[in-house]
Structures are given as structure tokens and as C-alpha cells.
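With mmCIF, C-alpha atoms inside, this is input.cif:
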data_coords
#
loop_
_atom_site.label_atom_id
_atom_site.label_comp_id
_atom_site.auth_asym_id
_atom_site.auth_seq_id
_atom_site.Cartn_x
_atom_site.Cartn_y
_atom_site.Cartn_z
CA MET A 955 29.64 -16.81 -7.80
CA GLN A 956 27.55 -15.15 -10.49
CA SER A 957 29.17 -15.37 -13.86
CA ALA A 958 29.55 -12.51 -16.30
CA GLU A 959 29.90 -15.11 -19.03
CA SER A 960 26.79 -16.08 -20.87
CA PRO A 961 25.63 -19.59 -19.95
CA PHE A 962 24.07 -19.78 -23.40
CA GLY A 963 27.40 -19.98 -25.15
CA ASP A 964 27.34 -18.28 -28.51
CA LEU A 965 23.53 -17.98 -28.54
CA ILE A 966 23.77 -14.91 -26.35
CA ASP A 967 27.11 -13.15 -26.35
CA ASP A 968 28.71 -12.02 -23.09
CA ALA A 969 28.06 -8.31 -23.65
CA ARG A 970 24.36 -8.87 -24.32
CA TRP A 971 24.21 -11.21 -21.34
CA ARG A 972 25.67 -8.56 -19.06
CA ASP A 973 23.18 -6.02 -20.41
CA LEU A 974 20.26 -8.37 -19.74
CA ARG A 975 21.51 -9.12 -16.21
CA ALA A 976 21.83 -5.40 -15.53
CA GLU A 977 18.33 -4.86 -16.89
CA PHE A 978 16.98 -7.56 -14.59
CA LEU A 979 18.79 -6.16 -11.52
CA ALA A 980 17.45 -2.67 -12.16
CA GLU A 981 13.90 -3.97 -12.42
CA ALA A 982 14.35 -6.33 -9.46
CA THR A 983 15.61 -3.44 -7.34
CA ARG A 984 12.46 -1.48 -8.11
CA MET A 985 10.19 -4.46 -7.44
CA THR A 986 12.01 -5.32 -4.23
CA ALA A 987 11.54 -1.79 -2.91
CA GLU A 988 7.83 -2.15 -3.58
CA ALA A 989 7.76 -5.59 -1.94
CA VAL A 990 9.64 -4.35 1.13
CA ASP A 991 7.19 -1.46 1.50
CA LEU A 992 4.27 -3.88 1.42
CA ALA A 993 5.93 -6.40 3.72
CA THR A 994 6.79 -3.66 6.21
CA ALA A 995 3.30 -2.18 6.04
CA ALA A 996 1.92 -5.58 7.02
CA SER A 997 3.37 -5.11 10.50
CA LYS A 998 1.32 -1.93 10.97
CA ALA A 999 -1.99 -3.04 9.52
CA PRO A 1000 -3.25 -6.25 7.90
CA LEU A 1001 -2.74 -6.29 4.17
CA THR A 1002 -5.79 -6.21 1.96
CA GLU A 1003 -6.36 -9.09 -0.41
CA ALA A 1004 -5.17 -6.91 -3.30
CA GLU A 1005 -1.99 -5.99 -1.41
CA ARG A 1006 -1.26 -9.62 -0.58
CA ARG A 1007 -1.69 -10.55 -4.23
CA LYS A 1008 0.59 -7.69 -5.30
CA LEU A 1009 3.26 -8.81 -2.82
CA ARG A 1010 2.97 -12.39 -3.99
CA VAL A 1011 3.18 -11.36 -7.66
CA LEU A 1012 6.29 -9.25 -6.99
CA ALA A 1013 8.01 -12.11 -5.17
CA HIS A 1014 6.94 -14.58 -7.87
CA ARG A 1015 8.32 -12.41 -10.65
CA ILE A 1016 11.65 -11.85 -8.94
CA ARG A 1017 11.91 -15.57 -8.16
CA GLY A 1018 11.30 -16.70 -11.71
CA SER A 1019 13.49 -14.11 -13.38
CA ALA A 1020 16.41 -14.27 -10.93
CA GLY A 1021 16.96 -17.91 -11.80
CA PHE A 1022 17.35 -17.06 -15.47
CA PHE A 1023 20.16 -14.70 -14.72
CA GLU A 1024 21.94 -16.93 -12.20
CA PHE A 1025 21.14 -14.89 -9.11
CA GLU A 1026 20.40 -18.00 -7.07
CA ALA A 1027 20.43 -16.34 -3.64
CA VAL A 1028 17.98 -13.71 -4.87
CA ALA A 1029 15.75 -16.43 -6.34
CA ALA A 1030 15.80 -18.36 -3.05
CA SER A 1031 14.85 -15.27 -1.04
CA ALA A 1032 12.06 -14.37 -3.42
CA ALA A 1033 10.77 -17.95 -3.27
CA ALA A 1034 10.74 -17.83 0.51
CA LEU A 1035 8.80 -14.57 0.48
CA GLU A 1036 6.31 -15.87 -2.08
CA GLU A 1037 5.68 -19.04 -0.10
CA ALA A 1038 5.31 -17.03 3.10
CA VAL A 1039 2.66 -14.82 1.53
CA LYS A 1040 0.81 -17.86 0.16
CA SER A 1041 0.85 -19.64 3.50
CA GLY A 1042 -0.38 -16.57 5.42
CA ALA A 1043 2.80 -16.01 7.43
CA ASP A 1044 2.69 -13.37 10.15
CA PRO A 1045 3.69 -9.77 9.40
CA ASP A 1046 7.03 -9.95 11.22
CA ALA A 1047 8.05 -12.94 9.10
CA LEU A 1048 7.04 -11.13 5.91
CA ALA A 1049 9.00 -8.03 6.90
CA ALA A 1050 12.09 -10.10 7.72
CA LEU A 1051 11.91 -11.95 4.41
CA GLY A 1052 11.48 -8.66 2.58
CA ARG A 1053 14.61 -7.27 4.24
CA GLN A 1054 16.54 -10.43 3.34
CA LEU A 1055 15.48 -10.13 -0.29
CA HIS A 1056 16.54 -6.50 -0.35
CA ALA A 1057 19.94 -7.39 1.15
CA ARG A 1058 20.53 -10.09 -1.45
CA ILE A 1059 19.59 -7.79 -4.31
CA GLU A 1060 22.04 -5.20 -2.99
CA ALA A 1061 24.74 -7.84 -2.68
CA ALA A 1062 24.14 -8.90 -6.27
CA ARG A 1063 24.41 -5.28 -7.46
CA GLU A 1064 27.64 -4.75 -5.52
CA ALA A 1065 29.13 -7.94 -6.92
CA ARG A 1066 28.61 -6.61 -10.44
CA GLU A 1067 30.25 -3.26 -9.76
CA MET B 573 15.74 -7.04 -35.23
CA ASP B 574 18.13 -5.81 -32.56
CA GLU B 575 21.74 -5.83 -33.76
CA HIS B 576 22.81 -7.45 -30.53
CA THR B 577 20.70 -10.44 -31.39
CA LEU B 578 21.42 -10.96 -35.06
CA ARG B 579 22.63 -14.44 -35.59
CA ASP B 580 23.14 -16.54 -38.67
CA THR B 581 19.54 -16.64 -39.77
CA PRO B 582 17.96 -19.48 -41.62
CA ASP B 583 17.30 -19.15 -45.34
CA SER B 584 14.90 -16.24 -45.67
CA ASN B 585 12.68 -18.31 -47.93
CA ARG B 586 12.01 -20.77 -45.13
CA HIS B 587 8.87 -20.22 -43.14
CA GLN B 588 9.71 -18.99 -39.65
CA PRO B 589 6.73 -19.62 -37.36
CA GLY B 590 5.96 -16.79 -34.98
CA VAL B 591 6.00 -17.27 -31.23
CA LEU B 592 4.57 -14.67 -28.88
CA ILE B 593 6.36 -14.38 -25.51
CA VAL B 594 4.14 -12.96 -22.78
CA ASP B 595 6.09 -11.94 -19.68
CA ASP B 596 6.19 -8.60 -17.90
CA ASP B 597 9.93 -8.98 -17.31
CA THR B 598 11.57 -7.44 -20.39
CA ALA B 599 14.93 -9.05 -19.60
CA VAL B 600 13.37 -12.52 -19.56
CA CYS B 601 11.56 -11.72 -22.80
CA GLY B 602 14.92 -10.73 -24.22
CA VAL B 603 16.53 -14.06 -23.31
CA VAL B 604 13.62 -16.16 -24.55
CA ALA B 605 13.44 -14.16 -27.79
CA LEU B 606 17.11 -14.85 -28.48
CA LEU B 607 16.63 -18.56 -27.84
CA LEU B 608 13.58 -18.65 -30.11
CA GLN B 609 15.43 -16.88 -32.89
CA HIS B 610 18.19 -19.44 -32.61
CA LEU B 611 15.58 -22.19 -32.97
CA GLY B 612 14.31 -20.58 -36.15
CA PHE B 613 11.24 -18.81 -34.83
CA THR B 614 10.21 -15.20 -35.19
CA ALA B 615 9.76 -13.79 -31.70
CA PHE B 616 7.04 -11.35 -30.70
CA GLN B 617 6.83 -9.92 -27.19
CA ALA B 618 4.16 -8.60 -24.86
CA GLN B 619 4.44 -7.48 -21.26
CA SER B 620 0.81 -7.81 -20.20
CA GLY B 621 -2.32 -9.77 -20.96
CA GLU B 622 -3.88 -6.81 -22.70
CA GLU B 623 -0.81 -6.25 -24.86
CA ALA B 624 -0.66 -9.96 -25.65
CA CYS B 625 -4.20 -9.92 -27.02
CA SER B 626 -3.41 -6.83 -29.06
CA VAL B 627 -0.19 -8.27 -30.53
CA LEU B 628 -1.87 -11.60 -31.26
CA ALA B 629 -4.80 -9.90 -33.00
CA GLU B 630 -2.42 -7.83 -35.14
CA HIS B 631 -0.13 -10.74 -36.06
CA CYS B 632 -2.48 -13.72 -35.86
CA ALA B 633 -1.48 -14.89 -39.34
CA GLU B 634 2.16 -15.15 -38.21
CA ILE B 635 1.93 -16.28 -34.59
CA GLU B 636 1.47 -20.01 -34.13
CA CYS B 637 2.35 -20.40 -30.48
CA VAL B 638 2.31 -18.38 -27.27
CA VAL B 639 4.83 -18.83 -24.44
CA LEU B 640 2.87 -17.43 -21.54
CA ASP B 641 3.99 -16.55 -18.02
CA ALA B 642 1.58 -17.99 -15.48
CA LEU B 643 1.30 -14.80 -13.44
CA LEU B 644 1.11 -11.32 -14.94
CA PRO B 645 0.55 -7.96 -13.26
CA ASP B 646 -2.81 -7.34 -14.88
CA ALA B 647 -4.25 -10.87 -14.73
CA ASN B 648 -3.61 -14.51 -13.93
CA GLY B 649 -2.25 -16.59 -16.77
CA THR B 650 -5.51 -18.53 -17.02
CA GLN B 651 -7.45 -15.31 -17.54
CA VAL B 652 -4.98 -14.23 -20.23
CA LEU B 653 -5.18 -17.65 -21.89
CA THR B 654 -8.97 -17.42 -21.97
CA ALA B 655 -8.73 -13.99 -23.62
CA LEU B 656 -6.12 -15.19 -26.12
CA ARG B 657 -8.37 -18.07 -27.16
CA ILE B 658 -11.08 -15.56 -28.07
CA VAL B 659 -8.60 -13.89 -30.44
CA ALA B 660 -7.14 -17.14 -31.79
CA PRO B 661 -9.10 -20.22 -30.65
CA ALA B 662 -6.59 -22.77 -31.90
CA ILE B 663 -3.41 -21.05 -30.74
CA ARG B 664 -0.88 -23.36 -29.13
CA VAL B 665 0.16 -22.30 -25.66
CA VAL B 666 3.15 -23.19 -23.52
CA VAL B 667 2.95 -21.99 -19.92
CA MET B 668 6.11 -20.89 -18.11
CA SER B 669 6.43 -20.29 -14.43
CA GLY B 670 8.89 -20.39 -11.54
CA SER B 671 6.38 -22.54 -9.68
CA LEU B 672 2.95 -23.72 -10.67
CA PRO B 673 0.52 -25.09 -8.06
CA PRO B 674 -1.15 -28.34 -9.18
CA GLU B 675 -4.59 -26.74 -9.26
CA ASP B 676 -3.33 -24.00 -11.59
CA ALA B 677 -1.57 -26.56 -13.79
CA GLU B 678 -4.84 -28.45 -14.06
CA GLU B 679 -6.73 -25.31 -15.01
CA PHE B 680 -4.18 -24.53 -17.73
CA ARG B 681 -4.53 -28.06 -19.08
CA ARG B 682 -8.31 -27.72 -19.06
CA LEU B 683 -7.90 -24.55 -21.12
CA GLY B 684 -5.76 -26.45 -23.62
CA ALA B 685 -2.27 -25.29 -22.66
CA HIS B 686 0.19 -27.85 -23.82
CA VAL B 687 3.25 -27.85 -21.64
CA HIS B 688 4.58 -26.27 -18.47
CA LEU B 689 8.07 -24.81 -18.72
CA GLN B 690 9.71 -24.39 -15.34
CA LYS B 691 11.78 -21.22 -15.05
CA PRO B 692 14.69 -20.98 -15.47
CA PHE B 693 14.98 -23.06 -18.60
CA GLY B 694 17.53 -23.37 -21.35
CA LEU B 695 17.51 -23.97 -25.04
CA ALA B 696 16.92 -27.72 -24.79
CA GLU B 697 13.89 -27.35 -22.51
CA LEU B 698 12.40 -24.62 -24.69
CA SER B 699 12.97 -26.64 -27.84
CA ALA B 700 11.35 -29.72 -26.29
CA ALA B 701 8.35 -27.73 -25.09
CA LEU B 702 7.76 -26.16 -28.49
CA SER B 703 8.17 -29.53 -30.23
CA ALA B 704 5.60 -31.04 -27.88
CA SER B 705 3.13 -28.26 -28.59
CA PHE B 706 3.47 -28.21 -32.38
#

In C-alpha cells, write the structure found in this file.
Amino acid sequence: MQSAESPFGDLIDDARWRDLRAEFLAEATRMTAEAVDLATAASKAPLTEAERRKLRVLAHRIRGSAGFFEFEAVAASAAALEEAVKSGADPDALAALGRQLHARIEAAREARE
Amino acid sequence: MDEHTLRDTPDSNRHQPGVLIVDDDTAVCGVVALLLQHLGFTAFQAQSGEEACSVLAEHCAEIECVVLDALLPDANGTQVLTALRIVAPAIRVVVMSGSLPPEDAEEFRRLGAHVHLQKPFGLAELSAALSASF
């Protein structure tokens, strides 16, 4: 269960913590949309090297940042997508992982509302 | 300094070393900046390799260490580190990443980066990494 209380005690107060989490979720939502588009496109035509790198960077960013803000399920999904891109997984697998990441981001947003 | 982040600051006469955070995620920069301020550092931020070089060039007298994300939108962390060293050859660098392949870790070490901080990290890990690099 994600906490609205700052895990940094009095270093970062709860209100600021909530603001930072909201900021992350907004950015993660945008990045996930971009990642899903790329992952889905992979099923129609092979991704270029630049597109694969972009997808990997998006997944890497979401993975690293999600952990900071205690969105563990999002971090796990992003990690799976990043590893899949690195290992050259097939397009269907990439698309499925992209959809899973999107679902987990949405769940995290709904949990905050 | 953002009012949200004002804390009991150290004596203003004490030297507060500057640390440049380089991460394209502004929320992560926000967290790390707050932790650095608590540790007595002055935090600078940059969201890209190009911006990092620009900020470092402008504040090179104040910035003593860079906390650098290993993967940025405009370049790999090693490319950014190489560019930062042109601006400030002796700058201390701590690399942060969610995951760092061994070959990348080795390249960072070859370029003189001091420590790898695994994301997510807390105050203790950040403090230890900075202590190791200074």
C-alpha cells in the first residue's frame, strides 16, 4: 500500500512528499504513453536502434524513479520492460509488458485519488 | 530556496559545498536536493547532459561534486561524465542508477567516478556515497 506519509520523516514533510509523488506520476504517465506507443509499434514493424534505445531509456527512467516514490509495482513493471528490451524480446512480449506498465500506472493514480 | 524545502540551515558562515544533481526526472531531483540540503550541501540541478555542463561551468567555483544519473535522454552517463570533466577535470562524481550493468560500472570507474548509488536510496546511502567521494 503506497503511503502518503513521507518515508523521510521530517526531512521532507508529508505535503511536499505528496506533491513530489504527484509530479512523478504525471511524468510517468506521459512517459508510459510514449513507451506503450513504441512497444505497440514493435508488433507492426521492427523498431529501429534509436527507437529501442528510447524505449529502454523510458523504462529505465520509470523504474529508477518509481522506487523513490514507493510505487513498487510500477518499478517492477518498468524493470521487466527494460530487461525485455535489452534482451531483444519479441514484439508481442514488449507490447504486453507495455500494457502491464500502463495498467499499474493507472492503478497508482487511482489509489491516490 | 523553495519555501517547501527550507529547513533549519547550518550557520551561514559555514562553507556549504555545492553538489550538482543531474537527472531528467524533476521529482527525483527534488528529493535528492532536499536530502543534500539536510546534509549541509547547496544543491544545484540539471535535467540533461548539456544543462549539466552549462550549470557546472557557471558555478564551478561552488560545485564540488556531481550526482549523475547513468542514463539521460540526450546522452549516456559516461558521455556526460566525459563532457563534465572537460569543464571541471577534478570534479568528484557519484553515479546513480536503478541498475548498472558491470561493463558500464567499469567504464564509469575508468572515467574516475567514485561510487555507484543504487536507486532508490535514502539519506544514509547518499551521505555514505558523498563521504566516500570527498

Could you list the residues in chain B lying within 6 Å of chain A, using only C-alpha atoms, and format the result as a tab-separated table (two decimals) with C-alpha atoms, in the frame of the given file?
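Result written to result.tsv:
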chain	number	residue	atom	x	y	z
B	599	ALA	CA	14.93	-9.05	-19.60
B	670	GLY	CA	8.89	-20.39	-11.54
B	691	LYS	CA	11.78	-21.22	-15.05
B	692	PRO	CA	14.69	-20.98	-15.47

Compile the contact shell of Leu607 in chain B as an NGL selection string: residues with an atom at most 10 Å away, counting all atoms listed in the file, same-chain residues fewer than 6 positions apart removed.
-> (:A and (962 or 965-966)) or (:B and (577 or 601 or 613 or 615 or 694-696 or 698-699))

From the list B:Val594, B:Ala685, B:Leu644, B:Leu672, the nearest residue to Ala704 in chain B using only C-alpha atoms is B:Ala685

Using the chain letters and numbers from the file, which residues does the PyMOL selection byres ((chain B and resi 646) around 10) grab, as a count of residues only?
-> 13

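CA of Leu1009 in chain A to CA of Ala996 in chain A spans 10.4 Å [interatomic distance, one decimal].
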
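Distances from A:Lys1040, A:Arg1006, A:Arg1053, A:Arg1058 to Pro673 in chain B were compared using all atoms listed in the file, and the smallest one belongs to A:Lys1040.
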
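As for CA of Gly590 in chain B and CA of Phe616 in chain B, they are spaced 7.0 Å apart.
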
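With all atoms listed in the file as the atoms that count, the minimum distance from Leu1048 in chain A to the choices A:Glu1060, A:Asp991, A:Glu959, A:Asp968 is reached by A:Asp991.
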
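What separates CA of Ala1027 in chain A from CA of Ala980 in chain A is a distance of 16.4 Å.
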
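Checking B:Val639, B:Met668, B:Leu656, B:Ala618 one by one against Phe693 in chain B, counting only C-alpha atoms, you find the shortest gap at B:Met668.
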
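Each of A:Ala1004, A:Leu992, A:Val1039, A:Ala1032 was compared to His1056 in chain A using only C-alpha atoms, and A:Ala1032 turns out to be the nearest.
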
Taking all atoms listed in the file into account, which of B:Ala629, B:Leu640, B:Val591, B:Ile658 comes nearest Phe706 in chain B?
-> B:Val591
